[in-house]
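Enquirer: Provided below: my_file38.cif, containing mmCIF, C-alpha atoms.
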data_start
#
loop_
_atom_site.group_PDB
_atom_site.id
_atom_site.type_symbol
_atom_site.label_atom_id
_atom_site.label_comp_id
_atom_site.auth_asym_id
_atom_site.auth_seq_id
_atom_site.Cartn_x
_atom_site.Cartn_y
_atom_site.Cartn_z
ATOM 1 C CA MET A 1 81.993 24.772 314.653
ATOM 2 C CA THR A 2 78.871 26.050 312.887
ATOM 3 C CA ILE A 3 76.877 23.450 310.946
ATOM 4 C CA LEU A 4 73.474 23.226 309.294
ATOM 5 C CA ARG A 5 70.796 21.341 311.207
ATOM 6 C CA ALA A 6 67.435 20.134 309.832
ATOM 7 C CA VAL A 7 65.000 21.798 312.242
ATOM 8 C CA ALA A 8 61.298 20.938 312.415
ATOM 9 C CA LEU A 9 58.970 23.755 311.370
ATOM 10 C CA GLY A 10 55.651 21.894 311.450
ATOM 11 C CA CYS A 11 53.944 18.539 311.099
ATOM 12 C CA GLY A 12 50.552 17.197 310.117
ATOM 13 C CA HIS A 13 48.665 14.010 309.327
ATOM 14 C CA TYR A 14 45.650 12.597 307.556
ATOM 15 C CA LEU A 15 43.491 9.539 308.200
ATOM 16 C CA PRO A 16 40.827 8.206 305.818
ATOM 17 C CA ALA A 17 37.236 8.599 307.004
ATOM 18 C CA ARG A 18 36.443 4.885 307.179
ATOM 19 C CA VAL A 19 37.170 3.387 310.608
ATOM 20 C CA VAL A 20 37.462 -0.408 310.748
ATOM 21 C CA GLU A 21 36.897 -1.918 314.187
ATOM 22 C CA ASN A 22 38.391 -5.266 315.158
ATOM 23 C CA ASP A 23 34.977 -6.922 315.159
ATOM 24 C CA GLU A 24 34.690 -6.471 311.385
ATOM 25 C CA PHE A 25 37.411 -9.060 310.852
ATOM 26 C CA ALA A 26 35.464 -11.749 312.724
ATOM 27 C CA ALA A 27 33.207 -12.028 309.679
ATOM 28 C CA MET A 28 36.220 -12.678 307.412
ATOM 29 C CA VAL A 29 38.629 -14.841 309.408
ATOM 30 C CA GLU A 30 38.769 -16.780 312.667
ATOM 31 C CA THR A 31 39.563 -13.963 315.075
ATOM 32 C CA SER A 32 38.001 -11.659 317.648
ATOM 33 C CA ASP A 33 38.434 -8.215 319.140
ATOM 34 C CA GLU A 34 39.985 -9.804 322.249
ATOM 35 C CA TRP A 35 42.445 -11.902 320.189
ATOM 36 C CA ILE A 36 43.656 -8.868 318.233
ATOM 37 C CA ARG A 37 43.882 -6.525 321.236
ATOM 38 C CA THR A 38 45.735 -9.065 323.383
ATOM 39 C CA ARG A 39 48.391 -9.831 320.780
ATOM 40 C CA THR A 40 48.861 -6.440 319.157
ATOM 41 C CA GLY A 41 47.203 -3.662 321.154
ATOM 42 C CA ILE A 42 45.233 -2.673 318.039
ATOM 43 C CA GLU A 43 41.566 -1.723 318.488
ATOM 44 C CA ARG A 44 40.773 -0.093 315.146
ATOM 45 C CA ARG A 45 42.375 1.254 311.991
ATOM 46 C CA HIS A 46 41.431 3.411 308.980
ATOM 47 C CA PHE A 47 40.978 2.178 305.399
ATOM 48 C CA ALA A 48 41.099 4.417 302.347
ATOM 49 C CA ALA A 49 37.900 4.870 300.364
ATOM 50 C CA GLU A 50 37.491 3.494 296.861
ATOM 51 C CA GLY A 51 39.447 5.761 294.540
ATOM 52 C CA GLU A 52 41.398 7.348 297.409
ATOM 53 C CA MET A 53 45.090 6.868 296.658
ATOM 54 C CA THR A 54 48.324 7.104 298.609
ATOM 55 C CA SER A 55 49.060 10.468 296.987
ATOM 56 C CA ASP A 56 45.719 11.799 298.236
ATOM 57 C CA LEU A 57 46.565 10.853 301.813
ATOM 58 C CA ALA A 58 50.092 12.248 301.466
ATOM 59 C CA ALA A 59 48.922 15.547 299.998
ATOM 60 C CA ALA A 60 46.396 16.046 302.805
ATOM 61 C CA ALA A 61 49.098 15.395 305.425
ATOM 62 C CA CYS A 62 51.448 17.825 303.623
ATOM 63 C CA ARG A 63 48.806 20.551 303.608
ATOM 64 C CA ALA A 64 48.312 20.090 307.348
ATOM 65 C CA ALA A 65 52.077 20.255 307.956
ATOM 66 C CA LEU A 66 52.419 23.364 305.793
ATOM 67 C CA ALA A 67 49.588 25.053 307.700
ATOM 68 C CA ASP A 68 51.280 24.151 310.990
ATOM 69 C CA ALA A 69 54.536 25.676 309.705
ATOM 70 C CA GLY A 70 52.873 28.759 308.214
ATOM 71 C CA LEU A 71 54.163 27.900 304.737
ATOM 72 C CA THR A 72 52.884 26.973 301.279
ATOM 73 C CA GLY A 73 54.057 24.349 298.815
ATOM 74 C CA ALA A 74 55.912 27.057 296.926
ATOM 75 C CA ASP A 75 58.224 27.467 299.932
ATOM 76 C CA LEU A 76 59.648 23.941 299.606
ATOM 77 C CA ASP A 77 62.861 22.936 297.829
ATOM 78 C CA ALA A 78 62.403 19.174 298.083
ATOM 79 C CA LEU A 79 59.728 16.610 298.907
ATOM 80 C CA ILE A 80 60.393 12.990 299.871
ATOM 81 C CA VAL A 81 57.582 10.444 300.107
ATOM 82 C CA ALA A 82 58.268 7.200 301.969
ATOM 83 C CA THR A 83 55.826 4.535 300.802
ATOM 84 C CA ALA A 84 55.569 0.844 299.944
ATOM 85 C CA THR A 85 52.160 1.378 298.315
ATOM 86 C CA PRO A 86 52.720 3.935 295.520
ATOM 87 C CA ASP A 87 49.933 5.081 293.230
ATOM 88 C CA GLN A 88 51.723 3.640 290.215
ATOM 89 C CA THR A 89 54.931 1.784 289.355
ATOM 90 C CA PHE A 90 56.086 5.153 288.022
ATOM 91 C CA PRO A 91 56.204 8.116 288.184
ATOM 92 C CA ALA A 92 57.066 8.551 291.843
ATOM 93 C CA THR A 93 54.087 9.252 294.073
ATOM 94 C CA ALA A 94 56.074 12.259 295.295
ATOM 95 C CA VAL A 95 55.687 14.137 292.008
ATOM 96 C CA THR A 96 51.903 13.709 292.187
ATOM 97 C CA VAL A 97 51.985 15.130 295.707
ATOM 98 C CA GLN A 98 54.330 17.910 294.573
ATOM 99 C CA HIS A 99 51.764 19.032 292.010
ATOM 100 C CA ALA A 100 48.829 18.654 294.421
ATOM 101 C CA ILE A 101 50.317 21.000 297.038
ATOM 102 C CA GLY A 102 51.382 23.698 294.592
ATOM 103 C CA MET A 103 55.115 23.019 294.752
ATOM 104 C CA ARG A 104 56.261 24.231 291.336
ATOM 105 C CA GLY A 105 60.029 24.179 291.793
ATOM 106 C CA GLY A 106 62.604 21.965 293.460
ATOM 107 C CA PHE A 107 62.456 18.174 293.239
ATOM 108 C CA ALA A 108 60.468 15.240 294.594
ATOM 109 C CA PHE A 109 61.173 11.518 294.890
ATOM 110 C CA ASP A 110 60.064 8.357 296.691
ATOM 111 C CA VAL A 111 61.922 6.220 299.239
ATOM 112 C CA GLN A 112 61.004 2.558 299.735
ATOM 113 C CA ALA A 113 62.110 0.937 302.988
ATOM 114 C CA VAL A 114 58.634 -0.303 304.003
ATOM 115 C CA CYS A 115 57.933 0.370 307.705
ATOM 116 C CA ALA A 116 61.367 1.952 308.167
ATOM 117 C CA GLY A 117 60.713 4.269 305.230
ATOM 118 C CA PHE A 118 60.129 7.453 307.198
ATOM 119 C CA VAL A 119 63.408 7.116 309.123
ATOM 120 C CA PHE A 120 65.269 6.468 305.851
ATOM 121 C CA ALA A 121 63.546 9.466 304.215
ATOM 122 C CA LEU A 122 64.339 11.654 307.223
ATOM 123 C CA ALA A 123 68.005 10.692 306.922
ATOM 124 C CA GLN A 124 67.951 11.670 303.231
ATOM 125 C CA ALA A 125 66.297 15.004 304.028
ATOM 126 C CA ASN A 126 68.882 15.662 306.715
ATOM 127 C CA ALA A 127 71.694 14.920 304.253
ATOM 128 C CA LEU A 128 70.184 17.264 301.644
ATOM 129 C CA ILE A 129 70.003 20.065 304.185
ATOM 130 C CA GLN A 130 73.458 19.492 305.632
ATOM 131 C CA SER A 131 75.005 19.434 302.142
ATOM 132 C CA GLY A 132 73.285 22.667 301.184
ATOM 133 C CA SER A 133 71.294 20.963 298.397
ATOM 134 C CA ALA A 134 67.958 22.067 299.876
ATOM 135 C CA ARG A 135 66.846 24.585 302.474
ATOM 136 C CA ARG A 136 63.313 23.404 303.189
ATOM 137 C CA VAL A 137 62.298 19.758 302.820
ATOM 138 C CA MET A 138 58.968 18.021 303.334
ATOM 139 C CA VAL A 139 59.253 14.413 304.538
ATOM 140 C CA VAL A 140 56.124 12.288 304.198
ATOM 141 C CA GLY A 141 55.171 8.745 305.148
ATOM 142 C CA ALA A 142 52.001 7.567 303.405
ATOM 143 C CA GLU A 143 50.439 4.150 302.881
ATOM 144 C CA THR A 144 47.311 2.395 301.616
ATOM 145 C CA PHE A 145 48.194 -1.055 302.912
ATOM 146 C CA SER A 146 44.544 -2.113 302.763
ATOM 147 C CA ARG A 147 45.129 -2.575 299.003
ATOM 148 C CA ILE A 148 47.769 -5.300 299.505
ATOM 149 C CA LEU A 149 46.229 -7.375 302.312
ATOM 150 C CA ASP A 150 45.070 -10.984 302.119
ATOM 151 C CA PHE A 151 41.743 -10.885 303.947
ATOM 152 C CA THR A 152 41.836 -14.660 304.439
ATOM 153 C CA ASP A 153 45.063 -14.469 306.475
ATOM 154 C CA ARG A 154 44.263 -13.504 310.060
ATOM 155 C CA THR A 155 47.946 -13.138 310.954
ATOM 156 C CA THR A 156 48.376 -10.134 308.643
ATOM 157 C CA CYS A 157 45.061 -8.575 307.597
ATOM 158 C CA VAL A 158 44.174 -7.417 311.126
ATOM 159 C CA LEU A 159 47.462 -5.572 311.612
ATOM 160 C CA PHE A 160 47.566 -2.833 309.005
ATOM 161 C CA GLY A 161 45.836 0.463 308.333
ATOM 162 C CA ASP A 162 46.057 3.411 305.987
ATOM 163 C CA GLY A 163 47.199 6.948 306.737
ATOM 164 C CA ALA A 164 49.831 9.611 306.203
ATOM 165 C CA GLY A 165 52.037 11.906 308.263
ATOM 166 C CA ALA A 166 54.326 14.740 307.191
ATOM 167 C CA LEU A 167 57.129 16.839 308.653
ATOM 168 C CA VAL A 168 58.591 20.114 307.319
ATOM 169 C CA LEU A 169 62.295 20.694 307.938
ATOM 170 C CA GLU A 170 64.365 23.847 307.475
ATOM 171 C CA ALA A 171 68.121 24.443 307.439
ATOM 172 C CA VAL A 172 69.278 26.393 310.499
ATOM 173 C CA GLU A 173 72.853 27.300 311.384
ATOM 174 C CA SER A 174 73.730 25.651 314.691
ATOM 175 C CA ALA A 175 76.687 25.173 316.988
ATOM 176 C CA GLY A 176 77.081 21.467 316.236
ATOM 177 C CA ALA A 177 76.341 20.470 319.836
ATOM 178 C CA PRO A 178 73.894 17.948 321.354
ATOM 179 C CA SER A 179 71.898 20.923 322.631
ATOM 180 C CA ASP A 180 71.099 22.052 319.054
ATOM 181 C CA ARG A 181 67.569 21.897 317.741
ATOM 182 C CA GLY A 182 66.948 19.661 314.737
ATOM 183 C CA VAL A 183 68.080 16.230 313.579
ATOM 184 C CA LEU A 184 71.071 15.296 315.723
ATOM 185 C CA ALA A 185 71.839 11.802 314.411
ATOM 186 C CA THR A 186 70.528 8.919 312.305
ATOM 187 C CA ASP A 187 71.405 5.229 312.204
ATOM 188 C CA LEU A 188 70.329 3.042 309.256
ATOM 189 C CA HIS A 189 70.617 -0.685 308.532
ATOM 190 C CA SER A 190 69.345 -3.423 306.233
ATOM 191 C CA ASP A 191 70.037 -7.145 305.866
ATOM 192 C CA GLY A 192 68.716 -8.935 302.790
ATOM 193 C CA ARG A 193 69.234 -12.370 304.364
ATOM 194 C CA TYR A 194 65.919 -11.785 306.097
ATOM 195 C CA ARG A 195 63.950 -10.492 303.089
ATOM 196 C CA ASP A 196 61.586 -13.498 303.147
ATOM 197 C CA LEU A 197 60.395 -12.800 306.705
ATOM 198 C CA LEU A 198 58.200 -9.909 305.569
ATOM 199 C CA TYR A 199 57.417 -9.298 301.914
ATOM 200 C CA VAL A 200 54.745 -8.873 299.241
ATOM 201 C CA ASP A 201 54.378 -11.861 296.910
ATOM 202 C CA GLY A 202 54.187 -9.884 293.696
ATOM 203 C CA GLY A 203 55.715 -7.095 291.641
ATOM 204 C CA PRO A 204 56.186 -5.759 288.100
ATOM 205 C CA SER A 205 59.183 -7.950 287.195
ATOM 206 C CA SER A 206 58.109 -11.104 289.059
ATOM 207 C CA THR A 207 54.364 -11.720 288.750
ATOM 208 C CA GLY A 208 53.103 -8.563 287.063
ATOM 209 C CA THR A 209 50.647 -8.141 289.936
ATOM 210 C CA ALA A 210 50.657 -6.082 293.122
ATOM 211 C CA GLY A 211 50.659 -9.157 295.389
ATOM 212 C CA VAL A 212 49.747 -9.307 299.073
ATOM 213 C CA VAL A 213 51.610 -9.109 302.387
ATOM 214 C CA ARG A 214 53.258 -12.279 303.718
ATOM 215 C CA MET A 215 54.935 -12.355 307.122
ATOM 216 C CA ALA A 216 56.668 -14.768 309.484
ATOM 217 C CA GLY A 217 55.334 -12.964 312.531
ATOM 218 C CA GLN A 218 57.276 -14.618 315.336
ATOM 219 C CA ASP A 219 60.596 -14.230 313.546
ATOM 220 C CA VAL A 220 59.929 -10.573 312.772
ATOM 221 C CA PHE A 221 58.958 -9.975 316.406
ATOM 222 C CA LYS A 222 62.264 -11.386 317.675
ATOM 223 C CA HIS A 223 64.354 -9.353 315.242
ATOM 224 C CA ALA A 224 62.338 -6.203 315.945
ATOM 225 C CA VAL A 225 62.911 -6.011 319.686
ATOM 226 C CA ILE A 226 66.660 -6.617 319.437
ATOM 227 C CA LYS A 227 67.351 -4.448 316.402
ATOM 228 C CA LEU A 228 65.177 -1.522 317.492
ATOM 229 C CA ALA A 229 66.867 -1.332 320.887
ATOM 230 C CA GLU A 230 70.304 -1.510 319.269
ATOM 231 C CA THR A 231 69.664 1.132 316.617
ATOM 232 C CA GLY A 232 68.015 3.440 319.137
ATOM 233 C CA ALA A 233 71.040 3.230 321.428
ATOM 234 C CA ALA A 234 73.409 3.741 318.488
ATOM 235 C CA ALA A 235 71.604 6.862 317.269
ATOM 236 C CA LEU A 236 71.611 8.345 320.768
ATOM 237 C CA ALA A 237 75.340 7.671 321.124
ATOM 238 C CA ARG A 238 76.012 9.393 317.799
ATOM 239 C CA ALA A 239 74.034 12.384 319.035
ATOM 240 C CA GLY A 240 76.062 12.504 322.244
ATOM 241 C CA LEU A 241 73.004 11.618 324.322
ATOM 242 C CA THR A 242 71.743 8.734 326.469
ATOM 243 C CA PRO A 243 68.300 7.153 326.990
ATOM 244 C CA ALA A 244 67.938 9.339 330.091
ATOM 245 C CA ASP A 245 67.903 12.374 327.779
ATOM 246 C CA VAL A 246 64.919 11.095 325.770
ATOM 247 C CA ASP A 247 61.724 13.049 326.375
ATOM 248 C CA TRP A 248 59.679 11.059 323.849
ATOM 249 C CA LEU A 249 60.258 7.721 322.178
ATOM 250 C CA VAL A 250 58.216 7.802 318.951
ATOM 251 C CA PRO A 251 58.423 4.231 317.630
ATOM 252 C CA HIS A 252 56.988 2.548 314.578
ATOM 253 C CA GLN A 253 53.462 1.590 315.642
ATOM 254 C CA ALA A 254 53.463 -2.101 314.704
ATOM 255 C CA ASN A 255 52.688 -3.940 317.897
ATOM 256 C CA LEU A 256 52.268 -2.727 321.475
ATOM 257 C CA ARG A 257 54.298 -5.628 322.863
ATOM 258 C CA ILE A 258 57.254 -4.755 320.601
ATOM 259 C CA MET A 259 57.092 -1.123 321.684
ATOM 260 C CA THR A 260 56.889 -2.041 325.370
ATOM 261 C CA MET A 261 59.813 -4.469 325.211
ATOM 262 C CA THR A 262 61.959 -2.074 323.173
ATOM 263 C CA ALA A 263 61.305 0.795 325.589
ATOM 264 C CA HIS A 264 62.256 -1.485 328.483
ATOM 265 C CA LYS A 265 65.511 -2.507 326.788
ATOM 266 C CA LEU A 266 66.378 1.142 326.166
ATOM 267 C CA GLY A 267 65.401 2.201 329.679
ATOM 268 C CA VAL A 268 62.701 4.626 328.514
ATOM 269 C CA PRO A 269 59.563 4.561 330.715
ATOM 270 C CA MET A 270 56.268 3.903 328.913
ATOM 271 C CA ASP A 271 54.853 7.271 329.950
ATOM 272 C CA HIS A 272 57.520 8.751 327.659
ATOM 273 C CA VAL A 273 56.467 6.607 324.672
ATOM 274 C CA VAL A 274 54.009 7.924 322.069
ATOM 275 C CA VAL A 275 51.486 5.136 321.453
ATOM 276 C CA THR A 276 48.838 5.405 318.733
ATOM 277 C CA VAL A 277 48.734 1.796 317.502
ATOM 278 C CA GLN A 278 45.383 1.209 319.215
ATOM 279 C CA GLU A 279 43.714 3.797 316.957
ATOM 280 C CA HIS A 280 45.632 3.398 313.683
ATOM 281 C CA GLY A 281 47.089 -0.105 313.520
ATOM 282 C CA ASN A 282 50.341 -0.525 311.609
ATOM 283 C CA THR A 283 50.469 2.191 308.948
ATOM 284 C CA SER A 284 53.979 1.214 307.850
ATOM 285 C CA ALA A 285 56.018 4.258 306.716
ATOM 286 C CA ALA A 286 53.243 6.573 307.917
ATOM 287 C CA SER A 287 53.229 5.386 311.512
ATOM 288 C CA ILE A 288 56.048 7.516 312.968
ATOM 289 C CA PRO A 289 55.056 10.857 311.409
ATOM 290 C CA LEU A 290 51.394 10.112 312.142
ATOM 291 C CA ALA A 291 52.165 9.433 315.817
ATOM 292 C CA LEU A 292 54.455 12.473 315.923
ATOM 293 C CA SER A 293 51.729 14.703 314.523
ATOM 294 C CA VAL A 294 49.126 13.392 316.961
ATOM 295 C CA ALA A 295 51.406 13.986 319.958
ATOM 296 C CA HIS A 296 52.364 17.435 318.648
ATOM 297 C CA GLY A 297 48.724 18.341 318.138
ATOM 298 C CA GLU A 298 47.923 17.295 321.701
ATOM 299 C CA GLY A 299 50.642 19.607 323.013
ATOM 300 C CA ARG A 300 52.766 16.815 324.432
ATOM 301 C CA ILE A 301 55.884 17.599 322.409
ATOM 302 C CA LEU A 302 57.459 20.877 323.507
ATOM 303 C CA PRO A 303 60.323 22.965 322.074
ATOM 304 C CA GLY A 304 63.644 21.511 323.208
ATOM 305 C CA ASP A 305 62.273 17.989 323.733
ATOM 306 C CA VAL A 306 64.525 15.144 322.572
ATOM 307 C CA LEU A 307 62.729 12.659 320.314
ATOM 308 C CA LEU A 308 63.965 9.176 319.480
ATOM 309 C CA MET A 309 62.241 7.706 316.417
ATOM 310 C CA GLU A 310 62.842 4.108 315.342
ATOM 311 C CA ALA A 311 61.348 1.550 312.973
ATOM 312 C CA ILE A 312 61.878 -1.838 311.348
ATOM 313 C CA GLY A 313 60.260 -3.272 308.243
ATOM 314 C CA GLY A 314 60.609 -5.668 305.344
ATOM 315 C CA GLY A 315 64.088 -6.108 303.966
ATOM 316 C CA LEU A 316 64.802 -6.365 306.800
ATOM 317 C CA ALA A 317 65.424 -2.623 306.995
ATOM 318 C CA TRP A 318 65.642 -0.730 310.254
ATOM 319 C CA GLY A 319 66.940 2.471 311.736
ATOM 320 C CA ALA A 320 66.553 5.331 314.199
ATOM 321 C CA ALA A 321 66.780 9.103 314.285
ATOM 322 C CA VAL A 322 67.322 11.542 317.158
ATOM 323 C CA MET A 323 65.831 15.028 316.921
ATOM 324 C CA ARG A 324 65.549 17.932 319.303
ATOM 325 C CA TRP A 325 62.196 19.641 318.703
#
How does the structure come out when it is put into structure tokens?
Expert:
Amino acid sequence: MTILRAVALGCGHYLPARVVENDEFAAMVETSDEWIRTRTGIERRHFAAEGEMTSDLAAAACRAALADAGLTGADLDALIVATATPDQTFPATAVTVQHAIGMRGGFAFDVQAVCAGFVFALAQANALIQSGSARRVMVVGAETFSRILDFTDRTTCVLFGDGAGALVLEAVESAGAPSDRGVLATDLHSDGRYRDLLYVDGGPSSTGTAGVVRMAGQDVFKHAVIKLAETGAAALARAGLTPADVDWLVPHQANLRIMTMTAHKLGVPMDHVVVTVQEHGNTSAASIPLALSVAHGEGRILPGDVLLMEAIGGGLAWGAAVMRW
């Protein structure tokens, strides 16, 4: 049976110029480089400059992905931006990016599933391609989390960074087998009972302010390890594959301990896990495409490689996607 698969054409990323080392936080809160590294694996992260917005980061990542694919913005039918830190309440950050990259036709919209946003956006892009609604789709994860941090709370302010990553997908007729290139399966979940474990204490209809990040770290940690392993296994099963088939696990870069424990539960060795958290911190929806772009740029990801991407964020929302490069 011939079906349409969403096949990767190129990827790219962008990081703001300002690098924030762990030691900078010692002047703000009771912490240290050793404390942060030991508990999270994070050594540094990037913060956007004054006046640099989420759309700026996203557009730069899109341009890099388009260059990698040998395309221009005019070649795209759809653009999806996953972000929890939009430029404005409306319009969607995606339309600003659409204009910035010279995409004059098609459509653009935002997806909000916090740290799981890229996986949710990838699933939407895959559905658009499989339904025939779009032929080429840009999927972007972009965040400026530095704008919603409480720099008196050492449990959250040291964790997050800013950045963007983008992936260009194209519809390709395929056999409908696990050996196909492209997105092979996705698995999405959310459970609003846990919405108070990780949230921002503000919003247009509640406080009229942007608010700042609040998190019950230990509870999120426990949910993350279990749910990420389960969704990863489920996505692989839907794709007709097993953990032994995974060439690269590309997880949400939240915490090195979570990534290590999840990989162990799945049976994926750590030398097959893309780890960038030490350089970027937790960039929320940007973390998977950013890590993917870094690994691709280093030549680690090769044609035919099976990638398992997974993430969990506020909501709680979580999910996984399996793709053959």
Enquirer: Determine the residue membership of the PyMOL selection byres ((chain A and resi 170) around 7) for the file above and supply it as an MDAnalysis selection string.
Expert: chainID A and resid 6:9 135:137 168:169 171:172
Enquirer: For C-alpha atoms, I'd like the residues from the last selection saved as a PDB file, in the frame of the given file.
Expert:
ATOM      1  CA  ALA A   6      67.435  20.134 309.832  1.00  0.00           C
ATOM      2  CA  VAL A   7      65.000  21.798 312.242  1.00  0.00           C
ATOM      3  CA  ALA A   8      61.298  20.938 312.415  1.00  0.00           C
ATOM      4  CA  LEU A   9      58.970  23.755 311.370  1.00  0.00           C
ATOM      5  CA  ARG A 135      66.846  24.585 302.474  1.00  0.00           C
ATOM      6  CA  ARG A 136      63.313  23.404 303.189  1.00  0.00           C
ATOM      7  CA  VAL A 137      62.298  19.758 302.820  1.00  0.00           C
ATOM      8  CA  VAL A 168      58.591  20.114 307.319  1.00  0.00           C
ATOM      9  CA  LEU A 169      62.295  20.694 307.938  1.00  0.00           C
ATOM     10  CA  ALA A 171      68.121  24.443 307.439  1.00  0.00           C
ATOM     11  CA  VAL A 172      69.278  26.393 310.499  1.00  0.00           C
TER      12      VAL A 172
END
Enquirer: Would you give me, as a tab-separated table, each residue of stretch 99-157 of chain A having an atom within 10 Å of an atom of stretch 173-197 of chain A, along with its shortest atom pair and that distance in Å to one decimal, using only C-alpha atoms and sorting by chain and residue number?
Expert:
residue	atom	partner	partner_atom	distance
A:Ala113	CA	A:Ser190	CA	9.0
A:Ala116	CA	A:Leu188	CA	9.1
A:Val119	CA	A:Thr186	CA	8.0
A:Phe120	CA	A:Leu188	CA	7.0
A:Leu122	CA	A:Thr186	CA	8.5
A:Ala123	CA	A:Thr186	CA	6.2
A:Gln124	CA	A:Thr186	CA	9.8
A:Ala125	CA	A:Val183	CA	9.8
A:Asn126	CA	A:Val183	CA	6.9
A:Gln130	CA	A:Glu173	CA	9.7
Enquirer: Between atom CA of A:His272 and atom CA of A:His13, measure the distance and give it in Å to one decimal.
Expert: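 Between atom CA of A:His272 and atom CA of A:His13 the gap is 21.0 Å.
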Enquirer: At a cut-off of 10 Å, using all atoms listed in the file, what residues contact A:Ala285? Leave out same-chain residues fewer than 2 positions from it and give the result as JSON, numbers by chain.
Expert: {"A": [81, 82, 83, 84, 85, 111, 112, 113, 114, 115, 116, 117, 118, 119, 120, 121, 140, 141, 142, 143, 163, 164, 165, 252, 253, 282, 283, 287, 288, 289, 290, 311, 312, 313]}
Enquirer: For A:Ala291, please output as a PyMOL selection string all residues within 12 Å (counting only C-alpha atoms; exclusion window: fewer than 4 positions along the same chain).
Expert: chain A and resi 11-15+118+141+163-167+248-254+273-287+295-298+300-301+307+309-310
Enquirer: Taking (55.6, 27.9, 294.8) as a centre in this file's frame and 7 Å as the limit, can you find every polymer residue with an atom that close, using only C-alpha atoms, and give them as a compact mmCIF listing (two decimals) with C-alpha atoms, keeping the file's coordinate frame?
Expert:
# COMPACT_ATOMS: atom_id res chain seq x y z
CA GLY A 73 54.06 24.35 298.82
CA ALA A 74 55.91 27.06 296.93
CA ASP A 75 58.22 27.47 299.93
CA GLY A 102 51.38 23.70 294.59
CA MET A 103 55.12 23.02 294.75
CA ARG A 104 56.26 24.23 291.34
CA GLY A 105 60.03 24.18 291.79
Enquirer: Compare A:Leu198, A:Ala127, A:Ala60, A:Met138 by their minimum atom-to-atom distance to A:Ala216, counting all atoms listed in the file, and give me the closest one.
Expert: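 For A:Ala216, the nearest of the candidates is A:Leu198.
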Enquirer: Extract, using all atoms listed in the file, all DNA, RNA and protein residues at most 12 Å from A:Glu50, discarding same-chain residues fewer than 4 positions from it, and format them as a compact mmCIF listing (two decimals) with C-alpha atoms, in the frame of the given file.
Expert:
# COMPACT_ATOMS: atom_id res chain seq x y z
CA PRO A 16 40.83 8.21 305.82
CA ALA A 17 37.24 8.60 307.00
CA ARG A 18 36.44 4.88 307.18
CA THR A 54 48.32 7.10 298.61
CA ASP A 56 45.72 11.80 298.24
CA THR A 144 47.31 2.40 301.62
CA SER A 146 44.54 -2.11 302.76
CA ARG A 147 45.13 -2.58 299.00
Enquirer: I want to know what sits within 7 Å of stretch 92-100 of chain A, based on all atoms listed in the file, with residues of the same chain fewer than 5 positions away left out; could you give that as a list in words?
Expert: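 Close residues of stretch 92-100 of chain A: Ser55, Ala58, Ala59, Leu79, Ile80, Val81, Pro86, Asp87, Ala108, Phe109 and Asp110 of chain A.
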Enquirer: How many Å separate atom CA of A:Asp23 from atom CA of A:Val158?
Expert: 10.1 Å
Enquirer: Can you list every residue of stretch 17-43 of chain A that has an atom at most 12 Å from stretch 257-269 of chain A, with its nearest atom pair and the distance in Å to one decimal, using only C-alpha atoms, ordered by chain then number, as JSON lines?
Expert:
{"residue": "A:Arg37", "atom": "CA", "partner": "A:Arg257", "partner_atom": "CA", "distance": 10.6}
{"residue": "A:Thr38", "atom": "CA", "partner": "A:Arg257", "partner_atom": "CA", "distance": 9.2}
{"residue": "A:Arg39", "atom": "CA", "partner": "A:Arg257", "partner_atom": "CA", "distance": 7.5}
{"residue": "A:Thr40", "atom": "CA", "partner": "A:Arg257", "partner_atom": "CA", "distance": 6.6}
{"residue": "A:Gly41", "atom": "CA", "partner": "A:Arg257", "partner_atom": "CA", "distance": 7.6}
{"residue": "A:Ile42", "atom": "CA", "partner": "A:Arg257", "partner_atom": "CA", "distance": 10.7}
Enquirer: Could you tell me how far atom CA of A:Met1 lies from atom CA of A:Leu241, in Å and to one decimal?
Expert: 18.6 Å
Enquirer: Restricting the calculation to all atoms listed in the file: of A:Thr156, A:Gly10, A:Gln88, A:Gly319, which residue gets closest to A:Ala69?
Expert: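 Looking at the shortest contact to A:Ala69, the residue is A:Gly10.
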Enquirer: Rank A:Ala61, A:Ile101, A:Ala27, A:Val20 by their smallest atom-to-atom distance to A:Phe160, using only C-alpha atoms, and report the top residue only.
Expert: A:Val20
Enquirer: Nearest residue to A:Ile226 out of A:Ser131, A:Ile148, A:Trp318, A:Glu24, using all atoms listed in the file?
Expert: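 Between A:Ser131, A:Ile148, A:Trp318, A:Glu24, the residue approaching A:Ile226 most closely is A:Trp318.
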Enquirer: For stretch 159-164 of chain A, where the input has fewer atoms than it should, I would like N, CA and C atoms rebuilt and written as an mmCIF file, in the frame of the given file.
Expert:
data_model
loop_
_atom_site.group_PDB
_atom_site.id
_atom_site.type_symbol
_atom_site.label_atom_id
_atom_site.label_comp_id
_atom_site.auth_asym_id
_atom_site.auth_seq_id
_atom_site.Cartn_x
_atom_site.Cartn_y
_atom_site.Cartn_z
ATOM 1 N N LEU A 159 46.385 -6.397 311.068
ATOM 2 C CA LEU A 159 47.462 -5.572 311.612
ATOM 3 C C LEU A 159 47.559 -4.174 311.013
ATOM 4 N N PHE A 160 47.188 -4.035 309.747
ATOM 5 C CA PHE A 160 47.566 -2.833 309.005
ATOM 6 C C PHE A 160 46.411 -1.857 308.792
ATOM 7 N N GLY A 161 46.791 -0.587 308.640
ATOM 8 C CA GLY A 161 45.836 0.463 308.333
ATOM 9 C C GLY A 161 46.441 1.450 307.362
ATOM 10 N N ASP A 162 45.632 2.393 306.942
ATOM 11 C CA ASP A 162 46.057 3.411 305.987
ATOM 12 C C ASP A 162 46.170 4.773 306.672
ATOM 13 N N GLY A 163 47.051 5.611 306.177
ATOM 14 C CA GLY A 163 47.199 6.948 306.737
ATOM 15 C C GLY A 163 48.442 7.617 306.206
ATOM 16 N N ALA A 164 48.657 8.851 306.635
ATOM 17 C CA ALA A 164 49.831 9.611 306.203
ATOM 18 C C ALA A 164 50.218 10.617 307.273
#
